[in-house]
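Student: This is the content of final.txt (compact mmCIF, C-alpha atoms):
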# COMPACT_ATOMS: atom_id res chain seq x y z
CA MET A 18 -70.15 -3.36 70.72
CA VAL A 19 -72.17 -2.49 67.63
CA SER A 20 -69.14 -1.20 65.78
CA ARG A 21 -67.21 -4.41 66.65
CA TRP A 22 -69.94 -6.57 65.08
CA LEU A 23 -69.98 -4.30 62.04
CA LEU A 24 -66.22 -4.80 61.73
CA VAL A 25 -66.63 -8.60 61.99
CA LEU A 26 -69.33 -8.59 59.31
CA LEU A 27 -67.19 -6.41 57.05
CA LEU A 28 -64.16 -8.71 57.39
CA THR A 29 -66.33 -11.77 56.71
CA ALA A 30 -67.69 -10.21 53.52
CA LEU A 31 -64.20 -9.29 52.37
CA LEU A 32 -62.92 -12.85 52.96
CA ALA A 33 -65.87 -14.31 51.08
CA GLY A 34 -65.14 -12.01 48.18
CA CYS A 35 -61.50 -13.15 48.10
CA VAL A 36 -62.30 -16.85 47.73
CA SER A 37 -65.29 -16.55 45.44
CA ARG A 38 -64.41 -16.75 41.75
CA PRO A 39 -65.92 -17.83 38.47
CA ALA A 40 -65.05 -21.44 37.65
CA SER A 41 -63.31 -20.44 34.42
CA LEU A 42 -60.84 -17.97 36.02
CA PRO A 43 -57.58 -18.87 37.77
CA VAL A 44 -57.04 -18.11 41.43
CA PRO A 45 -54.99 -14.89 41.63
CA ASP A 46 -51.77 -14.81 43.65
CA ARG A 47 -51.90 -18.54 44.42
CA PRO A 48 -49.68 -19.38 47.43
CA PRO A 49 -46.80 -21.80 46.86
CA PRO A 50 -47.46 -25.53 47.33
CA VAL A 51 -47.38 -26.75 50.91
CA ASP A 52 -44.42 -29.09 51.33
CA THR A 53 -45.68 -31.46 54.02
CA GLU A 54 -45.56 -35.19 54.56
CA ARG A 55 -49.33 -35.51 54.22
CA ASP A 56 -51.68 -33.95 51.72
CA SER A 57 -54.56 -31.81 52.95
CA ALA A 58 -57.63 -29.88 51.92
CA PRO A 59 -57.22 -26.15 51.22
CA LEU A 60 -57.38 -23.84 54.21
CA VAL A 61 -60.28 -22.00 52.57
CA VAL A 62 -62.71 -23.82 50.29
CA PRO A 63 -64.22 -21.56 47.61
CA PRO A 64 -68.01 -21.72 47.54
CA GLY A 65 -69.72 -23.30 44.57
CA LEU A 66 -67.34 -26.20 43.89
CA GLU A 67 -70.35 -28.54 43.90
CA GLN A 68 -71.67 -26.71 40.83
CA LEU A 69 -68.44 -26.61 38.80
CA PRO A 70 -69.39 -27.03 35.12
CA ASP A 71 -68.06 -30.15 33.41
CA PRO A 72 -65.12 -29.54 31.09
CA GLU A 73 -66.04 -30.03 27.45
CA PRO A 74 -64.26 -33.10 26.05
CA ARG A 75 -62.24 -32.21 22.96
CA TRP A 76 -59.60 -33.89 20.88
CA GLU A 77 -56.06 -33.15 22.03
CA PRO A 78 -52.76 -34.67 20.90
CA LEU A 79 -50.86 -36.89 23.28
CA SER A 80 -49.07 -34.78 25.87
CA ARG A 81 -45.35 -34.23 25.46
CA SER A 82 -44.63 -35.96 28.77
CA GLY A 83 -46.25 -38.59 30.93
CA ASN A 84 -46.87 -41.16 28.19
CA ARG A 85 -43.74 -43.28 28.51
CA SER A 86 -44.50 -46.99 28.81
CA PRO A 87 -43.44 -48.84 30.80
CA TYR A 88 -42.52 -46.54 33.68
CA MET A 89 -41.52 -47.20 37.26
CA VAL A 90 -42.65 -45.59 40.52
CA PHE A 91 -41.65 -46.75 44.01
CA GLY A 92 -40.12 -49.88 42.54
CA GLU A 93 -43.31 -50.89 40.70
CA THR A 94 -43.49 -51.07 36.91
CA TYR A 95 -46.61 -49.79 35.13
CA HIS A 96 -47.68 -50.31 31.50
CA LEU A 97 -49.97 -47.82 29.76
CA LEU A 98 -53.03 -48.85 27.81
CA PRO A 99 -52.49 -48.32 24.07
CA THR A 100 -55.79 -46.45 23.86
CA ALA A 101 -58.54 -45.14 26.14
CA GLU A 102 -61.22 -46.50 23.82
CA GLY A 103 -63.59 -48.87 25.63
CA TYR A 104 -62.07 -48.30 29.06
CA ARG A 105 -64.55 -48.70 31.91
CA GLU A 106 -63.71 -49.71 35.47
CA GLN A 107 -65.13 -49.61 38.96
CA GLY A 108 -63.04 -49.17 42.09
CA ILE A 109 -61.93 -46.79 44.80
CA ALA A 110 -61.22 -43.13 44.11
CA SER A 111 -59.21 -40.78 46.30
CA TRP A 112 -58.30 -37.11 45.91
CA TYR A 113 -55.20 -34.92 46.14
CA GLY A 114 -55.11 -31.30 47.13
CA GLN A 115 -53.04 -28.53 48.68
CA LYS A 116 -49.68 -30.33 48.82
CA PHE A 117 -49.59 -30.57 45.01
CA ASP A 118 -51.44 -27.40 44.05
CA GLY A 119 -49.53 -25.43 41.42
CA ARG A 120 -46.98 -28.15 40.76
CA PRO A 121 -46.54 -29.66 37.29
CA THR A 122 -48.60 -32.74 36.52
CA ALA A 123 -47.16 -35.68 34.55
CA SER A 124 -48.45 -34.04 31.34
CA GLY A 125 -46.71 -30.78 32.19
CA GLU A 126 -49.87 -28.80 33.00
CA PRO A 127 -49.88 -27.15 36.44
CA TYR A 128 -52.17 -28.89 38.92
CA ASP A 129 -55.12 -26.77 40.04
CA MET A 130 -56.99 -28.42 42.90
CA PHE A 131 -60.12 -26.38 42.08
CA GLU A 132 -60.37 -27.64 38.47
CA LEU A 133 -61.97 -30.93 37.35
CA THR A 134 -58.92 -33.07 36.63
CA ALA A 135 -57.58 -36.45 37.68
CA ALA A 136 -54.60 -38.78 37.80
CA HIS A 137 -54.61 -42.32 36.41
CA ARG A 138 -51.88 -44.96 36.26
CA LYS A 139 -52.47 -46.39 32.79
CA LEU A 140 -54.69 -44.25 30.53
CA PRO A 141 -53.01 -42.11 27.84
CA LEU A 142 -52.59 -38.44 28.69
CA PRO A 143 -54.80 -36.61 28.15
CA THR A 144 -58.02 -38.62 28.42
CA TYR A 145 -61.46 -37.25 29.26
CA ALA A 146 -63.55 -39.53 31.45
CA ARG A 147 -66.87 -39.55 33.25
CA VAL A 148 -66.56 -40.44 36.92
CA THR A 149 -69.66 -41.49 38.85
CA ASN A 150 -69.82 -41.84 42.62
CA LEU A 151 -71.58 -45.18 43.04
CA GLU A 152 -72.48 -44.34 46.63
CA ASN A 153 -74.60 -41.25 45.87
CA GLY A 154 -75.08 -41.23 42.08
CA ARG A 155 -73.27 -37.93 41.50
CA SER A 156 -71.29 -37.67 38.27
CA THR A 157 -68.76 -35.37 36.63
CA ILE A 158 -66.39 -35.24 33.67
CA VAL A 159 -62.69 -34.85 34.40
CA LYS A 160 -59.59 -34.37 32.28
CA ILE A 161 -56.99 -36.99 33.18
CA ASN A 162 -53.64 -35.21 32.89
CA ASP A 163 -51.55 -36.78 35.65
CA ARG A 164 -50.17 -40.11 36.90
CA GLY A 165 -51.33 -41.87 40.07
CA PRO A 166 -52.61 -42.95 42.50
CA PHE A 167 -49.78 -45.36 43.30
CA HIS A 168 -51.85 -47.43 45.71
CA ALA A 169 -52.97 -50.86 44.57
CA ASP A 170 -56.44 -50.47 46.10
CA ARG A 171 -57.33 -47.26 44.17
CA ILE A 172 -58.02 -46.70 40.47
CA ILE A 173 -58.10 -42.89 40.17
CA ASP A 174 -56.95 -39.82 42.06
CA LEU A 175 -59.30 -36.87 41.58
CA SER A 176 -58.67 -33.18 42.10
CA PHE A 177 -60.06 -31.74 45.31
CA GLY A 178 -62.68 -29.86 43.31
CA ALA A 179 -63.87 -33.06 41.63
CA ALA A 180 -64.07 -34.79 45.02
CA VAL A 181 -66.24 -31.96 46.34
CA LYS A 182 -68.50 -32.14 43.31
CA LEU A 183 -68.85 -35.92 43.73
CA GLY A 184 -69.55 -35.53 47.44
CA PHE A 185 -66.67 -37.43 49.06
CA ALA A 186 -64.09 -34.76 49.91
CA ASP A 187 -64.75 -35.19 53.64
CA ALA A 188 -64.70 -38.99 53.50
CA GLY A 189 -61.47 -39.04 51.48
CA VAL A 190 -62.37 -42.05 49.32
CA ALA A 191 -65.43 -43.35 47.46
CA ARG A 192 -66.37 -46.22 45.22
CA VAL A 193 -66.69 -44.91 41.67
CA GLU A 194 -67.05 -45.92 38.06
CA VAL A 195 -64.62 -44.42 35.54
CA GLU A 196 -65.61 -44.46 31.86
CA ALA A 197 -63.32 -42.99 29.21
CA ILE A 198 -64.88 -40.63 26.66
CA THR A 199 -63.67 -41.16 23.10
CA LEU A 200 -64.20 -38.54 20.42
CA ASP A 201 -64.77 -38.67 16.68
CA ASP A 202 -63.29 -35.29 15.73
CA GLY A 203 -59.63 -36.29 15.59
CA PRO A 204 -57.29 -39.20 14.89
CA PRO A 205 -57.35 -42.00 17.49
CA LEU A 206 -54.77 -41.65 20.23
CA ARG A 207 -52.83 -44.90 20.35
CA LEU A 208 -49.45 -45.40 21.94
CA ASP A 209 -48.56 -48.54 19.99
CA GLN A 210 -50.15 -48.17 16.54
CA PRO A 211 -48.03 -47.39 13.46
CA ILE A 212 -49.49 -44.39 11.66
CA LEU A 213 -47.91 -45.02 8.27
CA ALA A 214 -46.69 -48.13 6.49
CA SER A 215 -42.97 -48.24 7.08
CA THR A 216 -40.18 -48.96 4.63
CA LEU A 217 -38.78 -51.49 7.06
CA THR A 218 -36.87 -54.33 5.44
CA GLU A 219 -36.02 -57.76 6.74
CA GLY A 220 -32.71 -57.98 8.52
CA HIS A 221 -30.92 -57.06 11.68
CA GLY A 222 -29.95 -53.45 11.03
CA ALA A 223 -30.80 -50.72 13.50
CA ILE A 224 -34.34 -49.27 13.43
CA TRP A 225 -34.76 -45.51 12.91
CA LEU A 226 -37.41 -42.90 12.26
CA GLN A 227 -36.60 -40.79 9.21
CA ALA A 228 -38.31 -37.45 9.63
CA GLY A 229 -37.10 -35.74 6.49
CA ALA A 230 -34.39 -35.30 3.82
CA PHE A 231 -33.20 -31.81 2.89
CA GLY A 232 -30.95 -30.25 0.32
CA ASN A 233 -30.52 -27.30 2.67
CA PRO A 234 -28.53 -28.36 5.79
CA ASP A 235 -29.98 -25.43 7.76
CA SER A 236 -33.52 -26.78 7.26
CA ALA A 237 -32.37 -30.20 8.48
CA ALA A 238 -30.76 -28.64 11.56
CA ALA A 239 -33.95 -26.68 12.34
CA LEU A 240 -36.07 -29.87 12.19
CA LYS A 241 -33.51 -31.68 14.35
CA GLN A 242 -33.95 -29.06 17.09
CA ARG A 243 -37.75 -29.19 16.90
CA LEU A 244 -37.72 -32.97 17.15
CA ALA A 245 -35.37 -32.86 20.12
CA ASP A 246 -37.77 -30.47 21.88
CA VAL A 247 -40.75 -32.74 21.20
CA ILE A 248 -39.11 -35.99 22.24
CA GLY A 249 -37.48 -34.51 25.35
CA GLU A 250 -37.45 -37.08 28.13
CA ARG A 251 -39.93 -39.38 26.42
CA SER A 252 -37.34 -41.81 25.20
CA ASP A 253 -34.15 -42.98 26.88
CA ALA A 254 -32.91 -44.68 23.71
CA ALA A 255 -33.60 -42.12 20.96
CA THR A 256 -31.47 -39.22 19.82
CA VAL A 257 -31.98 -36.98 16.79
CA GLN A 258 -29.14 -37.19 14.27
CA LEU A 259 -28.23 -35.69 10.91
CA LEU A 260 -26.93 -38.02 8.19
CA ARG A 261 -25.34 -36.63 5.05
CA GLY A 262 -25.94 -38.99 2.11
CA ALA A 263 -24.09 -39.60 -1.16
CA ASP A 264 -27.01 -37.85 -2.91
CA ALA A 265 -26.09 -34.60 -1.09
CA LEU A 266 -29.29 -34.75 1.00
CA THR A 267 -29.18 -34.32 4.78
CA ARG A 268 -31.50 -36.82 6.46
CA VAL A 269 -32.99 -36.22 9.90
CA ARG A 270 -33.23 -39.49 11.82
CA VAL A 271 -34.38 -40.46 15.30
CA GLY A 272 -32.80 -43.50 16.91
CA PRO A 273 -31.45 -46.06 16.94
CA LEU A 274 -34.61 -47.60 18.42
CA PRO A 275 -34.86 -50.93 20.25
CA ASP A 276 -37.94 -52.29 18.48
CA LEU A 277 -40.98 -51.53 16.33
CA ILE A 278 -43.18 -50.75 19.34
CA GLU A 279 -40.90 -47.89 20.41
CA ALA A 280 -40.59 -46.73 16.81
CA SER A 281 -44.37 -46.64 16.39
CA ARG A 282 -44.85 -44.81 19.69
CA LEU A 283 -42.38 -42.08 18.74
CA GLN A 284 -43.85 -41.94 15.24
CA ALA A 285 -47.25 -41.15 16.76
CA LEU A 286 -45.73 -38.61 19.14
CA ILE A 287 -43.98 -36.73 16.33
CA THR A 288 -47.05 -36.86 14.07
CA PHE A 289 -49.36 -35.39 16.71
CA ALA A 290 -46.85 -32.58 17.28
CA ASN A 291 -47.62 -31.36 13.72
CA LEU A 292 -44.02 -31.00 12.60
CA GLY A 293 -44.81 -31.78 8.99
CA THR A 294 -44.43 -35.09 7.17
CA VAL A 295 -45.14 -38.28 9.12
CA PRO A 296 -41.73 -39.88 9.80
CA LEU A 297 -40.96 -43.24 8.15
CA ILE A 298 -39.75 -46.27 10.05
CA VAL A 299 -36.56 -47.44 8.34
CA ARG A 300 -33.72 -49.85 8.98
CA ASP A 301 -30.00 -49.62 8.38
CA GLN A 302 -28.96 -51.75 5.41
For this file, write the structure as structure tokens.

Tutor:
Amino acid sequence: MVSRWLLVLLLTALLAGCVSRPASLPVPDRPPPVDTERDSAPLVVPPGLEQLPDPEPRWEPLSRSGNRSPYMVFGETYHLLPTAEGYREQGIASWYGQKFDGRPTASGEPYDMFELTAAHRKLPLPTYARVTNLENGRSTIVKINDRGPFHADRIIDLSFGAAVKLGFADAGVARVEVEAITLDDGPPLRLDQPILASTLTEGHGAIWLQAGAFGNPDSAAALKQRLADVIGERSDAATVQLLRGADALTRVRVGPLPDLIEASRLQALITFANLGTVPLIVRDQ
């Protein structure tokens, strides 16, 4: 009997050691996501989630995916806010967990249910925000890197770890306040603001972004590929094209674009990707 209890205690200690980890380290050998109809909490909850340190807000460029506006989910159309600056809202928060763990978020980052992250329907990705549980006063900072929740009665979907830290993982939902954190150490993240005065002329010609003009066609082709990688699925209308001019220069253009709003959005996207010169908004003559 004594040896059986010793065995039980030894197994318990080993299991505790497997789930305990520093907050800054990833979970080793994470199991694949659980493909079920309903989401659920993890089978084993690591100790110490209540004391997870807040992520440090820092300037980051707009993510390469997840910032298309408008977008449609379940037949509903959603429009993103042009900036997170000044955003503050109260409402119901929920959380998502094991079903989505390890899967890509809307921004492309893998979802980790034990990190302090969140999903939001309309804030630019990424946005750092302070979330306060109005029912118990607990507060945490999260990095918003995903889209959701797609329920009209909820304003934010928090990671399981954030829900534990805010004290509502068992209840499932809580009334919270979400306040975006804006930073001064980088250019403002706006989805609709032109970054540079364009050379746009009056008329009805097609609108383009001109990203560069090169005497060497190979340099133009290299920029074309980099632009195509950055734009990806972010625009249904835009393609990257090479145009050989009478001056023997090869111009790299993105378009044609439907309007100035789309042109400005892609201009910001390309600029934040640090590909070189800020592209000009131009029009066919």

Student: Could you tell me how far CA of Leu142 in chain A sits from CA of Glu102 in chain A, in Å to one decimal place?

Tutor: 12.8 Å

Student: Would you kindly return, as JSON, numbers by chain, each protein, DNA or RNA residue with an atom no farther than 7 Å from any atom of Thr134 in chain A, considering all atoms listed in the file and excluding same-chain residues fewer than 6 positions away?

Tutor: {"A": [159, 160, 161, 162, 175, 176]}

Student: What does the distance between CA of Leu260 in chain A and CA of Trp225 in chain A come to in Å, to one decimal place?

Tutor: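 Value for the CA of Leu260 in chain A-CA of Trp225 in chain A distance: 11.8 Å.
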
Student: Please compute the CA of Arg164 in chain A-CA of His137 in chain A distance, one decimal, in Å.

Tutor: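 Spanning CA of Arg164 in chain A to CA of His137 in chain A is a straight-line distance of 5.0 Å.
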
Student: Between A:Ala265, A:Ala136, A:Arg105, A:Tyr113, single out the one closest to Pro234 in chain A, counting all atoms listed in the file.

Tutor: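 Among the listed residues, the smallest separation from Pro234 in chain A belongs to A:Ala265.
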